[in-house]
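Here's the structure, in structure tokens; my notes come after.
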Amino acid sequence: MLRGRRSECEALDRLLDAVRSGESRALVLWGEPGIGKSALLEYLVGQASRCRVARVAGVQSEMELAFAGLHQLCAPMLDGIERLPGPQCDALRTTFGLSPGPPPDRFLVALAVLGLLAEVAAEQPLVCVVDDAHWLDRASAQALAFAARRLGAESVAVVVAARTPEKAPEWMGLPELVVTGLPDDEARALLGSVVPQPVDGRVLDRIVAETRGNPLALLERPHGLTPAELAGGFRLPGPRPLPTQIEDSFRRQLAPLPPGTRRLLLVAAAEPTGDPVLVWRA
């Protein structure tokens, strides 16, 4: 269950209904870190029955690699590449290193992406999920946004999550949904689910106010408070910037772990593709 996200979930449900009925849709979820964009994308994927799901997540370390994100999304679909018009097929094959040749025209690459999505959706409605779009390489973001703007009746959905339009300008102008903090009552309920001991009302009020209903901050902020502080004690915990609260909470959870475990986590964080074999080798 996603607390306080009824309207957002209903919007995603309507999008899926439209795609299953033969229409195409695009939607950009804007919101600060920890606000629940990824959770909403997971809800979308969980509800996407009778649809094929294709996913890509922006990786900060790959932002300088042109078309890295596009490859992540389209690689599982390349069995349909030969059905594209010749110039588009050649452009995409060269882009992904399947054929030799000079760097292809980016307009042809974007047209090829649009055609490939339509070809895949002809067999089964297609839902493309793009998380952390602010970390996509620019070439991929431009090609995918180009396709999203030109979809019509192909049974394709492109749903994107990003922090701000300034950090992901390629997606501006598409239908959008701004994800904000939880309402106070839902924020209090979520906070209560992770704090078993009694919490002073003033402390609870301050945490809800400081986090502005940010779900991740609500889940992590209590880890930095002692039982005495949660119960009121002699003083209320001082306010700190939201990103600092979340980062400090993670640091405190990692600090007691053995050095080898912390090193493994560091390696896993540095490895960009999620390859467990590579992580264990490192």
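Scheme for the structure tokens: letters A, B, ... for chains in order shown; per-chain residue numbers from 1; ligand numbers from 1 in order shown.
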Practice prompt. Excluding Ala217 in chain A and residues on its chain fewer than 2 positions from it, collect all residues at most 9 Å away from it, counting only C-alpha atoms, and give them as number ranges by chain.
Written response: A: 34-35, 207, 211-215, 219-222, 242-243, 245-246
Selection to disk with all heavy atoms, as a CSV table (one decimal), in the first residue's frame:
```csv
chain,number,residue,atom,x,y,z
A,34,GLY,N,13.4,11.1,-2.6
A,34,GLY,CA,12.7,10.4,-1.5
A,34,GLY,C,11.2,10.7,-1.4
A,34,GLY,O,10.6,10.2,-0.5
A,35,ILE,N,10.7,11.4,-2.4
A,35,ILE,CA,9.3,11.8,-2.3
A,35,ILE,C,8.4,10.6,-2.7
A,35,ILE,O,7.1,10.7,-2.4
A,35,ILE,CB,9.0,13.0,-3.2
A,35,ILE,CG1,7.8,13.8,-2.7
A,35,ILE,CG2,8.9,12.6,-4.7
A,35,ILE,CD1,7.9,14.4,-1.4
A,207,ILE,N,9.1,16.7,13.3
A,207,ILE,CA,9.6,15.8,12.3
A,207,ILE,C,8.7,15.9,11.0
A,207,ILE,O,9.2,16.0,9.9
A,207,ILE,CB,9.6,14.4,12.8
A,207,ILE,CG1,10.6,14.2,13.9
A,207,ILE,CG2,9.9,13.4,11.7
A,207,ILE,CD1,10.7,12.9,14.6
A,211,THR,N,10.3,17.4,7.5
A,211,THR,CA,10.4,16.5,6.4
A,211,THR,C,9.4,16.9,5.3
A,211,THR,O,9.5,16.4,4.2
A,211,THR,CB,10.1,15.1,6.8
A,211,THR,OG1,8.8,15.0,7.3
A,211,THR,CG2,11.1,14.5,7.8
A,212,ARG,N,8.5,17.8,5.6
A,212,ARG,CA,7.5,18.2,4.6
A,212,ARG,C,6.7,17.0,4.0
A,212,ARG,O,6.4,17.0,2.8
A,212,ARG,CB,8.1,19.1,3.5
A,212,ARG,CG,8.8,20.3,4.0
A,212,ARG,CD,9.3,21.2,2.9
A,212,ARG,NE,10.2,20.5,1.9
A,212,ARG,CZ,11.5,20.3,2.1
A,212,ARG,NH1,12.1,20.7,3.2
A,212,ARG,NH2,12.1,19.7,1.2
A,213,GLY,N,6.5,16.0,4.8
A,213,GLY,CA,5.8,14.8,4.3
A,213,GLY,C,6.6,13.9,3.4
A,213,GLY,O,6.0,13.0,2.7
A,214,ASN,N,7.9,14.1,3.3
A,214,ASN,CA,8.8,13.3,2.4
A,214,ASN,C,8.8,11.9,3.0
A,214,ASN,O,9.3,11.7,4.1
A,214,ASN,CB,10.2,13.9,2.3
A,214,ASN,CG,11.1,13.1,1.4
A,214,ASN,OD1,11.4,12.0,1.6
A,214,ASN,ND2,11.5,13.8,0.3
A,215,PRO,N,8.3,10.8,2.3
A,215,PRO,CA,8.2,9.5,2.9
A,215,PRO,C,9.6,8.9,3.3
A,215,PRO,O,9.7,8.4,4.4
A,215,PRO,CB,7.6,8.7,1.8
A,215,PRO,CG,6.9,9.6,0.9
A,215,PRO,CD,7.7,10.9,1.0
A,219,LEU,N,10.8,8.0,7.2
A,219,LEU,CA,11.2,6.6,7.6
A,219,LEU,C,12.6,6.7,8.2
A,219,LEU,O,12.9,5.9,9.0
A,219,LEU,CB,11.2,5.7,6.3
A,219,LEU,CG,9.8,5.4,5.8
A,219,LEU,CD1,10.0,4.6,4.5
A,219,LEU,CD2,9.0,4.5,6.8
A,220,GLU,N,13.4,7.6,7.7
A,220,GLU,CA,14.8,7.6,8.2
A,220,GLU,C,15.1,8.6,9.4
A,220,GLU,O,16.0,8.3,10.2
A,220,GLU,CB,15.7,8.0,7.0
A,220,GLU,CG,15.8,7.0,5.9
A,220,GLU,CD,16.3,5.6,6.3
A,220,GLU,OE1,17.1,5.6,7.2
A,220,GLU,OE2,15.8,4.6,5.8
A,221,ARG,N,14.3,9.6,9.5
A,221,ARG,CA,14.6,10.6,10.5
A,221,ARG,C,14.7,10.1,11.9
A,221,ARG,O,15.5,10.4,12.7
A,221,ARG,CB,13.6,11.8,10.4
A,221,ARG,CG,13.8,12.9,11.4
A,221,ARG,CD,15.1,13.7,11.1
A,221,ARG,NE,15.2,14.9,11.9
A,221,ARG,CZ,16.0,15.0,13.0
A,221,ARG,NH1,16.8,14.0,13.3
A,221,ARG,NH2,16.0,16.2,13.6
A,222,PRO,N,13.7,9.2,12.3
A,222,PRO,CA,13.8,8.7,13.7
A,222,PRO,C,15.0,7.9,14.1
A,222,PRO,O,15.4,7.8,15.2
A,222,PRO,CB,12.5,7.7,13.7
A,222,PRO,CG,11.6,8.2,12.7
A,222,PRO,CD,12.5,8.7,11.6
A,242,LEU,N,17.0,18.6,4.9
A,242,LEU,CA,16.4,17.3,4.6
A,242,LEU,C,17.4,16.3,4.1
A,242,LEU,O,17.5,15.2,4.5
A,242,LEU,CB,15.2,17.4,3.7
A,242,LEU,CG,14.4,16.2,3.4
A,242,LEU,CD1,13.9,15.5,4.7
A,242,LEU,CD2,13.2,16.5,2.5
A,243,PRO,N,18.2,16.7,3.0
A,243,PRO,CA,19.2,15.7,2.5
A,243,PRO,C,20.2,15.2,3.6
A,243,PRO,O,20.6,14.1,3.6
A,243,PRO,CB,19.9,16.4,1.4
A,243,PRO,CG,18.9,17.5,1.0
A,243,PRO,CD,18.2,17.9,2.2
A,245,GLN,N,19.6,15.0,6.8
A,245,GLN,CA,19.0,14.0,7.7
A,245,GLN,C,19.0,12.6,7.1
A,245,GLN,O,19.3,11.7,7.8
A,245,GLN,CB,17.5,14.5,7.9
A,245,GLN,CG,17.4,15.8,8.6
A,245,GLN,CD,15.9,16.2,8.8
A,245,GLN,OE1,15.0,15.3,8.8
A,245,GLN,NE2,15.6,17.5,8.8
A,246,ILE,N,18.7,12.5,5.9
A,246,ILE,CA,18.6,11.2,5.2
A,246,ILE,C,20.0,10.6,5.1
A,246,ILE,O,20.2,9.4,5.5
A,246,ILE,CB,18.0,11.3,3.8
A,246,ILE,CG1,16.5,11.8,4.0
A,246,ILE,CG2,18.0,10.0,3.1
A,246,ILE,CD1,15.9,12.1,2.6
```
Go through range 46-142 of chain A and flag each residue having an atom no more than 12 Å from range 12-18 of chain A; for those, report the closest pair of atoms plus their distance in Å to one decimal, using only C-alpha atoms, ordered by chain and rising number, as a tab-separated table.
```
residue	atom	partner	partner_atom	distance
A:Gly46	CA	A:Asp13	CA	10.7
A:Gln47	CA	A:Asp13	CA	7.6
A:Ala48	CA	A:Leu16	CA	6.8
A:Ser49	CA	A:Leu16	CA	9.0
A:Arg50	CA	A:Leu16	CA	10.0
A:Cys51	CA	A:Leu16	CA	8.8
A:Arg52	CA	A:Leu16	CA	11.5
A:Val53	CA	A:Leu16	CA	11.5
A:Pro125	CA	A:Leu16	CA	9.3
A:Leu126	CA	A:Leu16	CA	9.7
A:Val127	CA	A:Leu16	CA	8.3
A:Cys128	CA	A:Leu16	CA	11.4
A:Val129	CA	A:Leu12	CA	11.9
```
Residues just named, written with N, CA and C atoms as a short mmCIF file (atom, residue, chain, number, x, y, z; two decimals), in the first residue's frame:
```
data_model
loop_
_atom_site.label_atom_id
_atom_site.label_comp_id
_atom_site.auth_asym_id
_atom_site.auth_seq_id
_atom_site.Cartn_x
_atom_site.Cartn_y
_atom_site.Cartn_z
N GLY A 46 3.56 -3.00 -11.25
CA GLY A 46 2.75 -4.04 -10.62
C GLY A 46 1.35 -4.12 -11.18
N GLN A 47 0.83 -3.00 -11.71
CA GLN A 47 -0.53 -2.98 -12.25
C GLN A 47 -0.58 -3.23 -13.75
N ALA A 48 0.59 -3.35 -14.38
CA ALA A 48 0.65 -3.40 -15.84
C ALA A 48 0.41 -4.81 -16.38
N SER A 49 -0.65 -5.44 -15.93
CA SER A 49 -0.98 -6.76 -16.46
C SER A 49 -1.35 -6.65 -17.94
N ARG A 50 -1.05 -7.70 -18.69
CA ARG A 50 -1.31 -7.78 -20.14
C ARG A 50 -0.48 -6.77 -20.92
N CYS A 51 0.54 -6.21 -20.30
CA CYS A 51 1.44 -5.27 -20.97
C CYS A 51 2.88 -5.78 -20.87
N ARG A 52 3.65 -5.45 -21.86
CA ARG A 52 5.09 -5.67 -21.78
C ARG A 52 5.71 -4.44 -21.13
N VAL A 53 6.63 -4.66 -20.20
CA VAL A 53 7.27 -3.57 -19.48
C VAL A 53 8.74 -3.48 -19.88
N PRO A 125 0.63 -4.36 -25.70
CA PRO A 125 0.82 -3.00 -25.18
C PRO A 125 2.13 -2.88 -24.42
N LEU A 126 2.81 -1.77 -24.61
CA LEU A 126 4.15 -1.57 -24.08
C LEU A 126 4.16 -0.42 -23.08
N VAL A 127 4.75 -0.66 -21.91
CA VAL A 127 4.90 0.36 -20.89
C VAL A 127 6.40 0.59 -20.67
N CYS A 128 6.89 1.77 -21.01
CA CYS A 128 8.30 2.12 -20.82
C CYS A 128 8.42 2.96 -19.55
N VAL A 129 9.25 2.50 -18.63
CA VAL A 129 9.41 3.14 -17.33
C VAL A 129 10.83 3.70 -17.25
#
```
Write out as an mmCIF file with all heavy atoms, in the first residue's frame each polymer residue whose atoms come within 7 Å of Glu23 in chain A, counting only C-alpha atoms; drop sequence neighbours fewer than 6 positions from it.
```cif
data_model
loop_
_atom_site.group_PDB
_atom_site.id
_atom_site.type_symbol
_atom_site.label_atom_id
_atom_site.label_comp_id
_atom_site.auth_asym_id
_atom_site.auth_seq_id
_atom_site.Cartn_x
_atom_site.Cartn_y
_atom_site.Cartn_z
ATOM 1 N N GLY A 152 1.061 8.108 -30.781
ATOM 2 C CA GLY A 152 -0.345 8.402 -30.980
ATOM 3 C C GLY A 152 -1.235 7.240 -30.608
ATOM 4 O O GLY A 152 -1.780 7.172 -29.511
ATOM 5 N N ALA A 153 -1.397 6.303 -31.522
ATOM 6 C CA ALA A 153 -2.299 5.160 -31.301
ATOM 7 C C ALA A 153 -1.511 3.855 -31.380
ATOM 8 O O ALA A 153 -1.941 2.896 -32.015
ATOM 9 C CB ALA A 153 -3.423 5.180 -32.322
ATOM 10 N N GLU A 154 -0.365 3.843 -30.705
ATOM 11 C CA GLU A 154 0.502 2.662 -30.794
ATOM 12 C C GLU A 154 0.433 1.760 -29.571
ATOM 13 O O GLU A 154 1.174 0.778 -29.468
ATOM 14 C CB GLU A 154 1.963 3.093 -30.987
ATOM 15 C CG GLU A 154 2.237 3.853 -32.273
ATOM 16 C CD GLU A 154 2.015 5.345 -32.118
ATOM 17 O OE1 GLU A 154 1.568 5.794 -31.039
ATOM 18 O OE2 GLU A 154 2.289 6.083 -33.094
ATOM 19 N N SER A 155 -0.404 2.075 -28.586
ATOM 20 C CA SER A 155 -0.474 1.299 -27.338
ATOM 21 C C SER A 155 0.859 1.319 -26.595
ATOM 22 O O SER A 155 1.363 0.282 -26.144
ATOM 23 C CB SER A 155 -0.908 -0.150 -27.609
ATOM 24 O OG SER A 155 -2.231 -0.205 -28.084
#
```
Worksheet item: Please, which residues of range 13-150 of chain A, numbered as in this document, come out helix (DSSP H, G or I) from DSSP, as a ChimeraX atom specification?
Response: /A:13-20,37-47,60-62,68-83,86-95,106-121,133-135,138-150
